[in-house]
Amino acid sequence: MGFPETFKALSDPVRREILVMLRQGKMSAGEIAARFDMTGATISYHLSQLKKAGLVFETKYKNYVYYQLNTSVFEELMLWLSQFKGDDSDEKSSK
């Protein structure tokens with residue numbers, strides 16, 4: 001997983017909506033698809049992009065594929081983004 005793939009995956013509103021849905025726990029591909037007015041192939045594409053970016057992982061059980069968040073990637077992303085936050089000591093030292 002690299003940041004370019006992560007940001008590309010996050011750039012699409014459908015993929016961001018899927019990630020929000022998965023915050024509540026794992027879901028099957030069918031459960032995810034049922035919430036969108038799109039073809040199964042389109043949802044499958046979005047899921048594969050999220051998986052390629054490492055944002056989700058899949059598990060198979062019987063005839064179903066379940067998706068869930070890969071929280072370690074989100075933690076790494078948040079850690080990287082936090083360096084841009086700045087704090088009060090940065091502002092005081094620049095004045």
# chains A, B, ... in the order shown; residues from 1 in each chain; ligands from 1
call {"tool": "residues_around", "arguments": {"residues": "segment 42-55 of chain A", "least_positions_apart": "4", "cutoff": "7 Å", "atoms": "only C-alpha atoms", "output": "number ranges by chain"}}
result
A: 1, 5-6, 9, 15, 33, 38, 69-70, 73
call {"tool": "select_by_dssp", "arguments": {"residues": "chain A", "states": "strand (DSSP E)", "output": "list in words"}}
result
Met27, Ser28, Val56, Phe57, Glu58, Thr59, Lys60, Tyr61, Tyr64, Val65, Tyr66, Tyr67, Gln68 and Leu69 of chain A
call {"tool": "closest_residue", "arguments": {"among": "A:Gly2, A:Gly86, A:Gly40, A:Gly30", "to": "Tyr64 of chain A", "atoms": "only C-alpha atoms"}}
result
A:Gly30
call {"tool": "select_by_dssp", "arguments": {"residues": "chain A", "states": "alpha helix (DSSP H)", "output": "PyMOL selection string"}}
result
chain A and resi 3-10+13-22+29-33+40-52+71-82+88-93
call {"tool": "decode", "arguments": {"residues": "segment 29-41 of chain A", "atoms": "all heavy atoms", "output": "CSV table (one decimal), in the first residue's frame"}}
result
chain,number,residue,atom,x,y,z
A,29,ALA,N,-20.6,-8.3,-0.1
A,29,ALA,CA,-20.7,-7.5,-1.3
A,29,ALA,C,-22.1,-7.2,-1.7
A,29,ALA,O,-22.4,-6.1,-2.1
A,29,ALA,CB,-19.9,-8.2,-2.4
A,30,GLY,N,-23.0,-8.2,-1.5
A,30,GLY,CA,-24.4,-8.0,-1.8
A,30,GLY,C,-25.1,-7.0,-0.9
A,30,GLY,O,-25.9,-6.2,-1.4
A,31,GLU,N,-24.7,-7.0,0.4
A,31,GLU,CA,-25.3,-6.0,1.3
A,31,GLU,C,-24.8,-4.6,0.9
A,31,GLU,O,-25.6,-3.6,1.0
A,31,GLU,CB,-24.8,-6.3,2.7
A,31,GLU,CG,-25.5,-7.5,3.3
A,31,GLU,CD,-24.8,-7.9,4.7
A,31,GLU,OE1,-23.6,-7.8,4.8
A,31,GLU,OE2,-25.6,-8.3,5.5
A,32,ILE,N,-23.6,-4.5,0.5
A,32,ILE,CA,-23.0,-3.2,0.1
A,32,ILE,C,-23.8,-2.7,-1.2
A,32,ILE,O,-24.2,-1.6,-1.3
A,32,ILE,CB,-21.5,-3.2,-0.1
A,32,ILE,CG1,-20.8,-3.5,1.2
A,32,ILE,CG2,-21.0,-2.0,-0.8
A,32,ILE,CD1,-19.4,-3.9,1.1
A,33,ALA,N,-23.8,-3.6,-2.2
A,33,ALA,CA,-24.5,-3.3,-3.5
A,33,ALA,C,-25.9,-2.9,-3.3
A,33,ALA,O,-26.4,-2.1,-4.1
A,33,ALA,CB,-24.3,-4.5,-4.4
A,34,ALA,N,-26.6,-3.5,-2.4
A,34,ALA,CA,-28.0,-3.2,-2.2
A,34,ALA,C,-28.3,-1.8,-1.8
A,34,ALA,O,-29.4,-1.3,-2.0
A,34,ALA,CB,-28.6,-4.1,-1.1
A,35,ARG,N,-27.3,-1.1,-1.3
A,35,ARG,CA,-27.5,0.3,-0.9
A,35,ARG,C,-27.2,1.3,-2.0
A,35,ARG,O,-27.3,2.5,-1.8
A,35,ARG,CB,-26.6,0.6,0.3
A,35,ARG,CG,-26.9,-0.3,1.5
A,35,ARG,CD,-26.6,0.3,2.8
A,35,ARG,NE,-26.7,-0.6,3.9
A,35,ARG,CZ,-26.2,-0.4,5.1
A,35,ARG,NH1,-25.6,0.6,5.3
A,35,ARG,NH2,-26.5,-1.3,6.0
A,36,PHE,N,-26.8,0.8,-3.1
A,36,PHE,CA,-26.5,1.7,-4.3
A,36,PHE,C,-27.4,1.4,-5.5
A,36,PHE,O,-27.8,0.2,-5.6
A,36,PHE,CB,-25.0,1.6,-4.6
A,36,PHE,CG,-24.1,2.1,-3.6
A,36,PHE,CD1,-23.6,1.2,-2.6
A,36,PHE,CD2,-23.7,3.4,-3.5
A,36,PHE,CE1,-22.7,1.6,-1.7
A,36,PHE,CE2,-22.8,3.9,-2.5
A,36,PHE,CZ,-22.3,3.0,-1.6
A,37,ASP,N,-27.6,2.4,-6.3
A,37,ASP,CA,-28.3,2.2,-7.5
A,37,ASP,C,-27.3,2.0,-8.7
A,37,ASP,O,-27.1,2.9,-9.5
A,37,ASP,CB,-29.3,3.3,-7.8
A,37,ASP,CG,-30.1,3.1,-9.0
A,37,ASP,OD1,-30.4,1.9,-9.4
A,37,ASP,OD2,-30.6,4.1,-9.6
A,38,MET,N,-26.5,0.9,-8.6
A,38,MET,CA,-25.4,0.7,-9.5
A,38,MET,C,-25.4,-0.8,-9.9
A,38,MET,O,-26.0,-1.6,-9.1
A,38,MET,CB,-24.1,1.0,-9.0
A,38,MET,CG,-23.9,2.4,-8.6
A,38,MET,SD,-22.3,2.7,-7.9
A,38,MET,CE,-22.4,4.4,-7.5
A,39,THR,N,-24.8,-1.2,-10.9
A,39,THR,CA,-24.6,-2.6,-11.3
A,39,THR,C,-23.7,-3.3,-10.3
A,39,THR,O,-22.8,-2.6,-9.7
A,39,THR,CB,-24.1,-2.8,-12.7
A,39,THR,OG1,-22.8,-2.3,-12.7
A,39,THR,CG2,-25.0,-2.1,-13.7
A,40,GLY,N,-23.8,-4.6,-10.2
A,40,GLY,CA,-22.9,-5.3,-9.3
A,40,GLY,C,-21.5,-5.2,-9.8
A,40,GLY,O,-20.5,-5.2,-9.0
A,41,ALA,N,-21.3,-5.1,-11.1
A,41,ALA,CA,-19.9,-5.0,-11.6
A,41,ALA,C,-19.3,-3.6,-11.2
A,41,ALA,O,-18.1,-3.6,-10.9
A,41,ALA,CB,-20.0,-5.1,-13.2
